[in-house]
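Undergrad: My questions all concern the structure below.
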Amino acid sequence: MTVQLAGVDRDVRESIRDFLYLEALALDERRFRDWLEMFADDARYEVPVRVTREKLSEWELSPNSRIFDDTKETLDVRVKRLETDFAWSEQPPSRTRHFVTNVLVQPGERADEFLVLSNCMIYRSRGDETTPSLFSAQRRDVLRENGDGWLIVHRWAALDQAVVNAHNMSIFI
Amino acid sequence: MSTPVISTDVQRMLDDMRDGIWQGRVPARIFNDQEIFELEREKLFAKAWCFLAHESEIPKKGDYVTRYIADNSIIVVRDEHGNVRANLNMCRHRGNVMCKSEMGNASHFRCSYHGWVYKNSGELIGVPYFKEGYEGQLDRKQWGLVPIRIDTYAGLIFGTLDPHAPSLDEYLGGFQFYLDIYLKQGANGSEVHGPPDHWIAETDWKICAENFSGDGYHTPVAHQFGFHLGYFPSSGSTHSEGWAVNIPGKGHGIGLGHTPGMPAFFGYPDELVKQMHESLSPEQLEVFSKTRTAVGSVFPNLSFLIQPFSLVPGEPGVRFCTMRLWHPIGPGRMEMWSWCLVPRDASEEYKEAAYKAYTLTFGQAGTFEQDDFENWIKVTKAAGSTLAKNIEFPYVMGLERPQLEDFPGPGHAVSPYVTDTNFRNLWSTWLDYLTREE
């Protein structure tokens, strides 16, 4: 992948990095309603299914199978679910920590949008289980300027494991 | 296959189950136990017809997927003549894994250790230093990949390690009637939407297989959020309505939940319903048209669910269909494989809508899926505890309930939808396999 960093000024880069950290903080503090507000109304949230394949295969990330395939509307359903007392998979809630690194900011297709690459390592601990789930993912986000801040227009995240070592994905990436 | 040595207490537990199941008692221990796991591997998964793949996963010549029966890796391939074949994924020379990918396309497989080459159908055709090294001592015809006996039903490819197993047709024993609700959506049937999700869960496969043999009972509580958000206008009060059907002695079972007043085939496009009126039998139409939820399992570990669902509560929904394999990899530990089946003849828009409904509900991050596994890992953990070795669970629901007399489909049908009837048959069949003499 060619990464084009030219044309993005330092303030924008820093502001976007802060935004990603604030987003991670909202998730880790389980402020899901605040987190949802960080998405544009036309947002897409996608996590493709990874398949173990030969080196020269056309794709390793399935073009048509997805673990998450959401719009802001369905993310809102997920958040509403978490706000009930009956979301058993998060009752008691997971303790998560999103570690966001390797942030690279490139110009987007529109003047007010940026394509942002980052790595995300998610640690999840549940109940009294001493073995955490670890999810390593590459994110490719499109962020749009929104006044002084940013909105996520597209969150695309690919997990590095083809067989995920967790009994569910009841958290957000 | 060697028969594992059974300890006296496990033997006693299995002996007690013979009558216990029909009195409505099943021991907790079977749901997380090393010995039971080993017995299942040798006496159940080595004998039953096990699901391998759907034909639509390997549509073209050379397409392959790698799958498992018990701990055996198996290559399922469409050969150069268009026939589906299955072979053990193990080089006959020194046992290296032939195919390290989950899927792909290949006319030949070449071992990365000493370079033996097989046609995708399994015949050995290339041996390095054949003349210089083997000097005529190796008959290539004798050393092809180990073939696995396979058979298909309506797109499903099953394999068995037992050369003496009855035919797949006999094994399914009439359950085909019900499988058609999942496999014959429209005139040209169903296809997978894409490769399956898979993940590891500290769960015993049997808990999941039982749940999907028609556990309508758990829905209002395990998935209470769904009722709370308004996904199911039927509410808990009418939820018990419907049928539970099983094939006695075969282990297969299905729950068919009804919603009073729901239009026939609710959620399907009209064109598809029209096609099904021609492709399905009048008896199937009678059963399927009343069905809201169909949750069923082919013994031992392949399950299906079809259900109308709207992405946002209260909107008109689409019918999504999932196929899932609960693959045991240890006592109380499994690998989950989950596919979405879509009607082959439906529009791309419909397929996409059905797939989205699947991911939001029963994909790996699905809102319903999440809660199921959260419960099941807890059940598994408890079942493996010391005291649980002597604890039984009640399976008495519907114990006295007579069989429906005028039910249009095959098997043993009862009403209501919430019952343990299918599960008693499931565990009885399971016991038959585990205690069968060679």
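Going by the structure tokens order, chains are called A, B, ..., each with residues numbered from 1, while ligands are numbered from 1 in the order shown.
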Would you mind listing what lies within 7 Å of Val77 in chain B as a VMD selection string, with only C-alpha atoms counted and same-chain residues fewer than 6 positions away left out?
TA: chain B and resid 58 62 to 65 84 to 86 120
Undergrad: Check every residue of chain A for an atom within 8 Å of chain B, counting only C-alpha atoms, and provide those that qualify as number ranges by chain.
TA: A: 49, 51-54, 57, 62, 64-70, 73-74, 77-78, 80-81, 84-89, 162-170
Undergrad: Only N, CA and C atoms, please: the residues just picked out, written as an mmCIF file, in the first residue's frame.
TA:
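Output file selection-v1.cif is given in full below:
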```cif
data_model
loop_
_atom_site.group_PDB
_atom_site.id
_atom_site.type_symbol
_atom_site.label_atom_id
_atom_site.label_comp_id
_atom_site.auth_asym_id
_atom_site.auth_seq_id
_atom_site.Cartn_x
_atom_site.Cartn_y
_atom_site.Cartn_z
ATOM 1 N N VAL A 49 -14.347 -10.694 7.372
ATOM 2 C CA VAL A 49 -13.880 -12.008 7.835
ATOM 3 C C VAL A 49 -12.540 -12.296 7.156
ATOM 4 N N VAL A 51 -9.582 -14.876 6.020
ATOM 5 C CA VAL A 51 -9.488 -16.279 5.633
ATOM 6 C C VAL A 51 -8.022 -16.606 5.383
ATOM 7 N N THR A 52 -7.557 -17.740 5.914
ATOM 8 C CA THR A 52 -6.177 -18.152 5.671
ATOM 9 C C THR A 52 -6.073 -18.690 4.249
ATOM 10 N N ARG A 53 -5.242 -18.047 3.421
ATOM 11 C CA ARG A 53 -5.143 -18.447 2.014
ATOM 12 C C ARG A 53 -3.699 -18.393 1.543
ATOM 13 N N GLU A 54 -3.463 -18.961 0.364
ATOM 14 C CA GLU A 54 -2.128 -18.938 -0.227
ATOM 15 C C GLU A 54 -1.721 -17.492 -0.510
ATOM 16 N N SER A 57 -3.212 -15.381 -3.490
ATOM 17 C CA SER A 57 -4.671 -15.365 -3.652
ATOM 18 C C SER A 57 -5.176 -13.943 -3.875
ATOM 19 N N SER A 62 -12.331 -11.418 3.264
ATOM 20 C CA SER A 62 -13.465 -11.763 2.406
ATOM 21 C C SER A 62 -14.156 -10.520 1.868
ATOM 22 N N ASN A 64 -17.125 -10.484 0.848
ATOM 23 C CA ASN A 64 -18.566 -10.501 1.157
ATOM 24 C C ASN A 64 -18.942 -11.044 2.534
ATOM 25 N N SER A 65 -17.980 -11.541 3.313
ATOM 26 C CA SER A 65 -18.324 -11.970 4.682
ATOM 27 C C SER A 65 -17.751 -10.980 5.691
ATOM 28 N N ARG A 66 -18.584 -10.583 6.608
ATOM 29 C CA ARG A 66 -18.159 -9.571 7.577
ATOM 30 C C ARG A 66 -18.574 -9.953 9.003
ATOM 31 N N ILE A 67 -17.729 -9.613 9.954
ATOM 32 C CA ILE A 67 -18.068 -9.857 11.362
ATOM 33 C C ILE A 67 -18.987 -8.731 11.845
ATOM 34 N N PHE A 68 -18.622 -7.516 11.519
ATOM 35 C CA PHE A 68 -19.509 -6.369 11.715
ATOM 36 C C PHE A 68 -19.837 -5.787 10.342
ATOM 37 N N ASP A 69 -21.067 -5.396 10.164
ATOM 38 C CA ASP A 69 -21.496 -4.794 8.901
ATOM 39 C C ASP A 69 -22.587 -3.792 9.260
ATOM 40 N N ASP A 70 -22.181 -2.666 9.818
ATOM 41 C CA ASP A 70 -23.145 -1.785 10.467
ATOM 42 C C ASP A 70 -23.216 -0.401 9.848
ATOM 43 N N GLU A 73 -27.276 3.526 12.224
ATOM 44 C CA GLU A 73 -28.570 3.073 12.725
ATOM 45 C C GLU A 73 -28.455 1.735 13.473
ATOM 46 N N THR A 74 -27.688 0.788 12.909
ATOM 47 C CA THR A 74 -27.572 -0.507 13.590
ATOM 48 C C THR A 74 -26.595 -0.424 14.767
ATOM 49 N N VAL A 77 -28.681 0.477 17.511
ATOM 50 C CA VAL A 77 -29.396 -0.676 18.071
ATOM 51 C C VAL A 77 -28.480 -1.420 19.048
ATOM 52 N N ARG A 78 -27.215 -1.600 18.637
ATOM 53 C CA ARG A 78 -26.272 -2.291 19.526
ATOM 54 C C ARG A 78 -26.096 -1.534 20.845
ATOM 55 N N LYS A 80 -28.256 0.646 22.164
ATOM 56 C CA LYS A 80 -29.525 0.544 22.910
ATOM 57 C C LYS A 80 -29.587 -0.786 23.652
ATOM 58 N N ARG A 81 -29.133 -1.836 22.988
ATOM 59 C CA ARG A 81 -29.111 -3.158 23.619
ATOM 60 C C ARG A 81 -28.240 -3.140 24.884
ATOM 61 N N THR A 84 -29.859 -1.760 27.905
ATOM 62 C CA THR A 84 -30.875 -2.539 28.634
ATOM 63 C C THR A 84 -30.182 -3.317 29.757
ATOM 64 N N ASP A 85 -30.994 -3.955 30.588
ATOM 65 C CA ASP A 85 -30.417 -4.797 31.646
ATOM 66 C C ASP A 85 -30.248 -6.240 31.164
ATOM 67 N N PHE A 86 -30.483 -6.483 29.870
ATOM 68 C CA PHE A 86 -30.542 -7.863 29.406
ATOM 69 C C PHE A 86 -29.482 -8.217 28.377
ATOM 70 N N ALA A 87 -28.438 -7.410 28.266
ATOM 71 C CA ALA A 87 -27.360 -7.744 27.334
ATOM 72 C C ALA A 87 -26.382 -8.640 28.094
ATOM 73 N N TRP A 88 -26.754 -9.932 28.186
ATOM 74 C CA TRP A 88 -26.038 -10.858 29.080
ATOM 75 C C TRP A 88 -24.560 -10.968 28.750
ATOM 76 N N SER A 89 -24.197 -10.827 27.486
ATOM 77 C CA SER A 89 -22.794 -10.994 27.118
ATOM 78 C C SER A 89 -21.927 -9.889 27.709
ATOM 79 N N ALA A 162 -7.456 -15.345 11.866
ATOM 80 C CA ALA A 162 -8.522 -15.896 11.023
ATOM 81 C C ALA A 162 -9.514 -16.674 11.887
ATOM 82 N N VAL A 163 -9.025 -17.326 12.928
ATOM 83 C CA VAL A 163 -9.921 -17.972 13.894
ATOM 84 C C VAL A 163 -9.810 -17.162 15.175
ATOM 85 N N VAL A 164 -10.866 -16.491 15.519
ATOM 86 C CA VAL A 164 -10.812 -15.539 16.630
ATOM 87 C C VAL A 164 -10.908 -16.298 17.952
ATOM 88 N N ASN A 165 -9.999 -15.996 18.861
ATOM 89 C CA ASN A 165 -9.973 -16.739 20.126
ATOM 90 C C ASN A 165 -10.796 -16.050 21.202
ATOM 91 N N ALA A 166 -12.066 -15.903 20.913
ATOM 92 C CA ALA A 166 -12.983 -15.323 21.886
ATOM 93 C C ALA A 166 -14.363 -15.907 21.617
ATOM 94 N N HIS A 167 -15.122 -16.132 22.670
ATOM 95 C CA HIS A 167 -16.423 -16.776 22.486
ATOM 96 C C HIS A 167 -17.449 -15.849 21.844
ATOM 97 N N ASN A 168 -17.148 -14.567 21.818
ATOM 98 C CA ASN A 168 -18.022 -13.638 21.094
ATOM 99 C C ASN A 168 -17.284 -12.327 20.856
ATOM 100 N N MET A 169 -17.896 -11.497 20.048
ATOM 101 C CA MET A 169 -17.387 -10.137 19.842
ATOM 102 C C MET A 169 -18.460 -9.201 20.386
ATOM 103 N N SER A 170 -18.497 -9.102 21.698
ATOM 104 C CA SER A 170 -19.523 -8.260 22.303
ATOM 105 C C SER A 170 -18.984 -6.859 22.570
#
```
Undergrad: Check the DSSP output for the backbone and give back, as a VMD selection string, the residues of range 256-391 of chain B in strand (DSSP E).
TA: chain B and resid 256 to 257 293 to 298 302 to 309 318 to 330 333 to 343
Undergrad: Export C-alpha atoms of the chosen residues as a PDB file, in the first residue's frame?
TA:
```pdb
ATOM      1  CA  LEU B 256     -40.957 -24.640  14.580  1.00  0.00           C
ATOM      2  CA  GLY B 257     -42.160 -21.517  16.363  1.00  0.00           C
ATOM      3  CA  THR B 293     -38.687 -19.609  13.555  1.00  0.00           C
ATOM      4  CA  ALA B 294     -37.211 -22.906  12.411  1.00  0.00           C
ATOM      5  CA  VAL B 295     -34.317 -23.980  14.616  1.00  0.00           C
ATOM      6  CA  GLY B 296     -33.062 -27.461  13.868  1.00  0.00           C
ATOM      7  CA  SER B 297     -30.068 -29.789  14.059  1.00  0.00           C
ATOM      8  CA  VAL B 298     -28.769 -32.699  12.068  1.00  0.00           C
ATOM      9  CA  LEU B 302     -24.807 -29.307  12.327  1.00  0.00           C
ATOM     10  CA  SER B 303     -27.528 -26.771  12.994  1.00  0.00           C
ATOM     11  CA  PHE B 304     -29.710 -24.274  11.198  1.00  0.00           C
ATOM     12  CA  LEU B 305     -31.887 -21.319  12.018  1.00  0.00           C
ATOM     13  CA  ILE B 306     -34.263 -19.391   9.839  1.00  0.00           C
ATOM     14  CA  GLN B 307     -36.090 -16.371  11.166  1.00  0.00           C
ATOM     15  CA  PRO B 308     -37.602 -13.142   9.865  1.00  0.00           C
ATOM     16  CA  PHE B 309     -35.740 -10.171  11.271  1.00  0.00           C
ATOM     17  CA  VAL B 318     -36.251 -10.228   5.823  1.00  0.00           C
ATOM     18  CA  ARG B 319     -35.720 -13.914   6.473  1.00  0.00           C
ATOM     19  CA  PHE B 320     -32.145 -14.789   7.251  1.00  0.00           C
ATOM     20  CA  CYS B 321     -30.825 -18.317   7.442  1.00  0.00           C
ATOM     21  CA  THR B 322     -27.730 -19.471   9.270  1.00  0.00           C
ATOM     22  CA  MET B 323     -25.983 -22.828   9.172  1.00  0.00           C
ATOM     23  CA  ARG B 324     -23.578 -23.620  11.998  1.00  0.00           C
ATOM     24  CA  LEU B 325     -21.182 -26.360  12.898  1.00  0.00           C
ATOM     25  CA  TRP B 326     -20.233 -26.969  16.534  1.00  0.00           C
ATOM     26  CA  HIS B 327     -16.849 -28.599  16.091  1.00  0.00           C
ATOM     27  CA  PRO B 328     -15.398 -30.182  19.253  1.00  0.00           C
ATOM     28  CA  ILE B 329     -11.692 -29.591  19.811  1.00  0.00           C
ATOM     29  CA  GLY B 330     -11.460 -30.617  23.462  1.00  0.00           C
ATOM     30  CA  ARG B 333     -13.944 -26.525  24.008  1.00  0.00           C
ATOM     31  CA  MET B 334     -15.049 -26.028  20.449  1.00  0.00           C
ATOM     32  CA  GLU B 335     -14.470 -24.213  17.233  1.00  0.00           C
ATOM     33  CA  MET B 336     -17.539 -22.519  15.897  1.00  0.00           C
ATOM     34  CA  TRP B 337     -18.220 -22.308  12.163  1.00  0.00           C
ATOM     35  CA  SER B 338     -21.068 -20.091  11.089  1.00  0.00           C
ATOM     36  CA  TRP B 339     -22.404 -19.478   7.586  1.00  0.00           C
ATOM     37  CA  CYS B 340     -25.256 -17.464   6.175  1.00  0.00           C
ATOM     38  CA  LEU B 341     -27.359 -19.277   3.553  1.00  0.00           C
ATOM     39  CA  VAL B 342     -29.207 -17.115   1.063  1.00  0.00           C
ATOM     40  CA  PRO B 343     -31.733 -18.056  -1.645  1.00  0.00           C
TER      41      PRO B 343
END
```
Undergrad: Quick one: residues within 9 Å of range 115-129 of chain A, only C-alpha atoms, excluding same-chain residues fewer than 5 positions away - as a PyMOL selection string?
TA: chain A and resi 16+90+92-109+134-143+157+171+173
Undergrad: Would you pick out the contacts of Gly242 in chain B at 10 Å or less, using only C-alpha atoms, so that residues sharing its chain but fewer than 2 positions from it are not included, and give the list as JSON, numbers by chain?
TA: {"B": [216, 238, 239, 240, 244, 255, 256, 257, 258, 259, 260, 290, 291, 292, 293, 294, 414, 415, 416, 417, 418]}
Undergrad: How would the residues just chosen look if you wrote them out with N, CA, C and O atoms as an mmCIF file, in the first residue's frame?
TA:
```cif
data_model
loop_
_atom_site.group_PDB
_atom_site.id
_atom_site.type_symbol
_atom_site.label_atom_id
_atom_site.label_comp_id
_atom_site.auth_asym_id
_atom_site.auth_seq_id
_atom_site.Cartn_x
_atom_site.Cartn_y
_atom_site.Cartn_z
ATOM 1 N N GLY B 216 -36.799 -23.517 22.051
ATOM 2 C CA GLY B 216 -37.557 -22.263 22.018
ATOM 3 C C GLY B 216 -37.692 -21.676 23.413
ATOM 4 O O GLY B 216 -38.033 -20.507 23.583
ATOM 5 N N THR B 238 -47.111 -15.373 23.648
ATOM 6 C CA THR B 238 -47.489 -16.357 22.619
ATOM 7 C C THR B 238 -46.284 -17.164 22.166
ATOM 8 O O THR B 238 -46.385 -17.987 21.261
ATOM 9 N N HIS B 239 -45.145 -16.921 22.803
ATOM 10 C CA HIS B 239 -43.907 -17.509 22.304
ATOM 11 C C HIS B 239 -43.883 -19.034 22.309
ATOM 12 O O HIS B 239 -43.179 -19.653 21.519
ATOM 13 N N SER B 240 -44.636 -19.653 23.189
ATOM 14 C CA SER B 240 -44.575 -21.120 23.298
ATOM 15 C C SER B 240 -45.289 -21.819 22.147
ATOM 16 O O SER B 240 -45.191 -23.036 21.996
ATOM 17 N N ALA B 244 -42.574 -29.052 17.882
ATOM 18 C CA ALA B 244 -41.228 -29.616 17.990
ATOM 19 C C ALA B 244 -41.294 -30.999 17.356
ATOM 20 O O ALA B 244 -42.193 -31.782 17.671
ATOM 21 N N GLY B 255 -37.317 -27.237 16.038
ATOM 22 C CA GLY B 255 -38.392 -26.483 16.665
ATOM 23 C C GLY B 255 -38.977 -25.539 15.639
ATOM 24 O O GLY B 255 -38.225 -24.886 14.894
ATOM 25 N N LEU B 256 -40.281 -25.487 15.570
ATOM 26 C CA LEU B 256 -40.957 -24.640 14.580
ATOM 27 C C LEU B 256 -41.877 -23.695 15.334
ATOM 28 O O LEU B 256 -42.972 -24.079 15.754
ATOM 29 N N GLY B 257 -41.406 -22.483 15.568
ATOM 30 C CA GLY B 257 -42.160 -21.517 16.363
ATOM 31 C C GLY B 257 -43.160 -20.750 15.517
ATOM 32 O O GLY B 257 -42.880 -20.411 14.364
ATOM 33 N N HIS B 258 -44.316 -20.501 16.099
ATOM 34 C CA HIS B 258 -45.372 -19.778 15.380
ATOM 35 C C HIS B 258 -45.620 -18.418 16.013
ATOM 36 O O HIS B 258 -45.409 -18.252 17.218
ATOM 37 N N THR B 259 -46.093 -17.487 15.217
ATOM 38 C CA THR B 259 -46.610 -16.226 15.736
ATOM 39 C C THR B 259 -48.025 -16.072 15.206
ATOM 40 O O THR B 259 -48.208 -16.031 13.987
ATOM 41 N N PRO B 260 -49.012 -16.042 16.090
ATOM 42 C CA PRO B 260 -50.392 -15.932 15.621
ATOM 43 C C PRO B 260 -50.563 -14.708 14.724
ATOM 44 O O PRO B 260 -50.088 -13.625 15.069
ATOM 45 N N LYS B 290 -46.549 -21.786 8.169
ATOM 46 C CA LYS B 290 -46.970 -21.337 9.505
ATOM 47 C C LYS B 290 -45.781 -20.959 10.379
ATOM 48 O O LYS B 290 -45.942 -20.419 11.463
ATOM 49 N N THR B 291 -44.575 -21.299 9.881
ATOM 50 C CA THR B 291 -43.399 -21.215 10.740
ATOM 51 C C THR B 291 -42.765 -19.829 10.734
ATOM 52 O O THR B 291 -42.444 -19.298 9.679
ATOM 53 N N ARG B 292 -42.588 -19.265 11.923
ATOM 54 C CA ARG B 292 -41.810 -18.037 12.069
ATOM 55 C C ARG B 292 -40.332 -18.385 12.226
ATOM 56 O O ARG B 292 -39.485 -17.992 11.450
ATOM 57 N N THR B 293 -40.051 -19.206 13.250
ATOM 58 C CA THR B 293 -38.687 -19.609 13.555
ATOM 59 C C THR B 293 -38.552 -21.094 13.285
ATOM 60 O O THR B 293 -39.385 -21.875 13.741
ATOM 61 N N ALA B 294 -37.525 -21.482 12.545
ATOM 62 C CA ALA B 294 -37.211 -22.906 12.411
ATOM 63 C C ALA B 294 -35.793 -23.087 12.909
ATOM 64 O O ALA B 294 -34.845 -22.574 12.306
ATOM 65 N N VAL B 414 -44.726 -32.838 18.370
ATOM 66 C CA VAL B 414 -45.546 -32.433 19.515
ATOM 67 C C VAL B 414 -45.754 -30.925 19.482
ATOM 68 O O VAL B 414 -45.083 -30.198 18.756
ATOM 69 N N SER B 415 -46.685 -30.509 20.273
ATOM 70 C CA SER B 415 -46.932 -29.098 20.499
ATOM 71 C C SER B 415 -47.013 -28.954 22.016
ATOM 72 O O SER B 415 -47.442 -29.886 22.681
ATOM 73 N N PRO B 416 -46.646 -27.866 22.668
ATOM 74 C CA PRO B 416 -46.116 -26.638 22.067
ATOM 75 C C PRO B 416 -44.639 -26.763 21.685
ATOM 76 O O PRO B 416 -44.011 -27.797 21.826
ATOM 77 N N TYR B 417 -44.157 -25.619 21.258
ATOM 78 C CA TYR B 417 -42.783 -25.437 20.793
ATOM 79 C C TYR B 417 -41.788 -25.602 21.946
ATOM 80 O O TYR B 417 -40.677 -26.088 21.755
ATOM 81 N N VAL B 418 -42.186 -25.204 23.144
ATOM 82 C CA VAL B 418 -41.270 -25.354 24.290
ATOM 83 C C VAL B 418 -41.454 -26.734 24.901
ATOM 84 O O VAL B 418 -42.495 -27.050 25.458
#
```
Undergrad: Just list as number ranges by chain whatever in chain A DSSP marks as helix (DSSP H, G or I).
TA: A: 10-28, 32-36, 72-83, 88-90
Undergrad: If you measure from CA of Asp180 in chain B to CA of Pro410 in chain B, what distance in Å do you get, rounded to one decimal?
TA: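 Between CA of Asp180 in chain B and CA of Pro410 in chain B the gap works out to 12.9 Å.
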Undergrad: Between CA of Pro402 in chain B and CA of Asn246 in chain B, what is the distance in Å, rounded to a tenth?
TA: 13.4 Å
Undergrad: Got a sec: who's within 10 Å of range 160-162 of chain B, counting only C-alpha atoms, leaving out chain neighbours fewer than 2 positions off, as a PDB file with N, CA and C atoms, in the first residue's frame?
TA:
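Written file, result-v5.pdb:
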```
ATOM      1  N   MET B   1     -10.009 -48.079  14.568  1.00  0.00           N
ATOM      2  CA  MET B   1     -10.141 -47.198  15.731  1.00  0.00           C
ATOM      3  C   MET B   1     -10.053 -48.026  17.018  1.00  0.00           C
ATOM      4  N   PHE B  45     -18.052 -39.427  16.459  1.00  0.00           N
ATOM      5  CA  PHE B  45     -17.615 -38.681  15.268  1.00  0.00           C
ATOM      6  C   PHE B  45     -16.904 -39.573  14.257  1.00  0.00           C
ATOM      7  N   ALA B  46     -16.411 -40.729  14.679  1.00  0.00           N
ATOM      8  CA  ALA B  46     -15.791 -41.656  13.731  1.00  0.00           C
ATOM      9  C   ALA B  46     -16.844 -42.538  13.051  1.00  0.00           C
ATOM     10  N   LYS B  47     -18.103 -42.431  13.473  1.00  0.00           N
ATOM     11  CA  LYS B  47     -19.154 -43.313  12.940  1.00  0.00           C
ATOM     12  C   LYS B  47     -20.276 -42.560  12.230  1.00  0.00           C
ATOM     13  N   ALA B  48     -20.551 -41.347  12.682  1.00  0.00           N
ATOM     14  CA  ALA B  48     -21.711 -40.609  12.167  1.00  0.00           C
ATOM     15  C   ALA B  48     -21.389 -39.983  10.809  1.00  0.00           C
ATOM     16  N   TRP B  49     -22.408 -39.477  10.137  1.00  0.00           N
ATOM     17  CA  TRP B  49     -22.201 -38.622   8.975  1.00  0.00           C
ATOM     18  C   TRP B  49     -21.969 -37.206   9.488  1.00  0.00           C
ATOM     19  N   CYS B  50     -20.816 -36.653   9.162  1.00  0.00           N
ATOM     20  CA  CYS B  50     -20.448 -35.336   9.685  1.00  0.00           C
ATOM     21  C   CYS B  50     -20.439 -34.320   8.540  1.00  0.00           C
ATOM     22  N   PHE B  51     -20.892 -33.134   8.837  1.00  0.00           N
ATOM     23  CA  PHE B  51     -20.968 -32.099   7.804  1.00  0.00           C
ATOM     24  C   PHE B  51     -19.570 -31.626   7.420  1.00  0.00           C
ATOM     25  N   LEU B  52     -19.361 -31.482   6.112  1.00  0.00           N
ATOM     26  CA  LEU B  52     -18.067 -30.980   5.630  1.00  0.00           C
ATOM     27  C   LEU B  52     -18.191 -29.596   4.996  1.00  0.00           C
ATOM     28  N   ILE B  69     -13.324 -33.653  10.382  1.00  0.00           N
ATOM     29  CA  ILE B  69     -14.207 -34.601  11.073  1.00  0.00           C
ATOM     30  C   ILE B  69     -13.407 -35.032  12.293  1.00  0.00           C
ATOM     31  N   ALA B  70     -13.943 -34.783  13.470  1.00  0.00           N
ATOM     32  CA  ALA B  70     -13.201 -34.949  14.726  1.00  0.00           C
ATOM     33  C   ALA B  70     -11.874 -34.198  14.589  1.00  0.00           C
ATOM     34  N   ASN B  72      -9.522 -34.875  12.406  1.00  0.00           N
ATOM     35  CA  ASN B  72      -8.948 -35.148  11.088  1.00  0.00           C
ATOM     36  C   ASN B  72      -9.183 -33.977  10.142  1.00  0.00           C
ATOM     37  N   PRO B 147      -8.986 -41.531   0.924  1.00  0.00           N
ATOM     38  CA  PRO B 147     -10.307 -40.982   0.571  1.00  0.00           C
ATOM     39  C   PRO B 147     -11.290 -41.084   1.731  1.00  0.00           C
ATOM     40  N   ILE B 148     -12.155 -40.105   1.799  1.00  0.00           N
ATOM     41  CA  ILE B 148     -13.214 -40.090   2.805  1.00  0.00           C
ATOM     42  C   ILE B 148     -14.533 -40.327   2.080  1.00  0.00           C
ATOM     43  N   ARG B 149     -15.324 -41.232   2.629  1.00  0.00           N
ATOM     44  CA  ARG B 149     -16.628 -41.522   2.026  1.00  0.00           C
ATOM     45  C   ARG B 149     -17.543 -40.305   2.184  1.00  0.00           C
ATOM     46  N   ILE B 150     -18.107 -39.854   1.092  1.00  0.00           N
ATOM     47  CA  ILE B 150     -19.000 -38.682   1.180  1.00  0.00           C
ATOM     48  C   ILE B 150     -20.344 -38.957   0.524  1.00  0.00           C
ATOM     49  N   ASP B 151     -21.302 -38.145   0.850  1.00  0.00           N
ATOM     50  CA  ASP B 151     -22.591 -38.150   0.177  1.00  0.00           C
ATOM     51  C   ASP B 151     -23.175 -36.753   0.369  1.00  0.00           C
ATOM     52  N   PHE B 158     -21.667 -34.264   3.252  1.00  0.00           N
ATOM     53  CA  PHE B 158     -21.335 -34.931   4.509  1.00  0.00           C
ATOM     54  C   PHE B 158     -20.260 -35.972   4.242  1.00  0.00           C
ATOM     55  N   HIS B 164     -18.868 -48.727   7.010  1.00  0.00           N
ATOM     56  CA  HIS B 164     -20.094 -49.512   7.176  1.00  0.00           C
ATOM     57  C   HIS B 164     -21.293 -48.666   7.590  1.00  0.00           C
ATOM     58  N   ALA B 165     -21.111 -47.365   7.663  1.00  0.00           N
ATOM     59  CA  ALA B 165     -22.246 -46.503   8.062  1.00  0.00           C
ATOM     60  C   ALA B 165     -23.379 -46.672   7.057  1.00  0.00           C
ATOM     61  N   PRO B 166     -24.642 -46.555   7.517  1.00  0.00           N
ATOM     62  CA  PRO B 166     -25.765 -46.610   6.572  1.00  0.00           C
ATOM     63  C   PRO B 166     -25.665 -45.444   5.593  1.00  0.00           C
ATOM     64  N   SER B 167     -26.478 -45.476   4.533  1.00  0.00           N
ATOM     65  CA  SER B 167     -26.438 -44.376   3.569  1.00  0.00           C
ATOM     66  C   SER B 167     -26.845 -43.074   4.257  1.00  0.00           C
ATOM     67  N   LEU B 168     -26.435 -41.945   3.674  1.00  0.00           N
ATOM     68  CA  LEU B 168     -26.813 -40.645   4.235  1.00  0.00           C
ATOM     69  C   LEU B 168     -28.337 -40.511   4.267  1.00  0.00           C
TER      70      LEU B 168
END
```
Undergrad: Given only C-alpha atoms as the basis, pick out the residue of A:Val12, A:Val79, A:Leu61, A:Leu159 nearest to Leu27 in chain A.
TA: A:Val79
Undergrad: Name the closest residue to Pro300 in chain B among the candidates B:Glu278, B:Glu40, B:Asp345, B:Glu437; distances are taken between atoms, counting only C-alpha atoms.
TA: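 Checking each candidate against Pro300 in chain B, we get B:Glu40 as the closest.
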Undergrad: Which residue, A:Asp11, A:Asp18, A:Glu60, A:Glu83, has the smallest gap to Arg31 in chain A when you use only C-alpha atoms?
TA: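 Between A:Asp11, A:Asp18, A:Glu60, A:Glu83, the residue approaching Arg31 in chain A most closely is A:Glu83.
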Undergrad: Could you give me, as number ranges by chain, the residues within 9 Å of Gly409 in chain B, counting only C-alpha atoms and dropping anything in the same chain fewer than 5 positions from it?
TA: B: 174, 177-178, 245, 283-284, 287
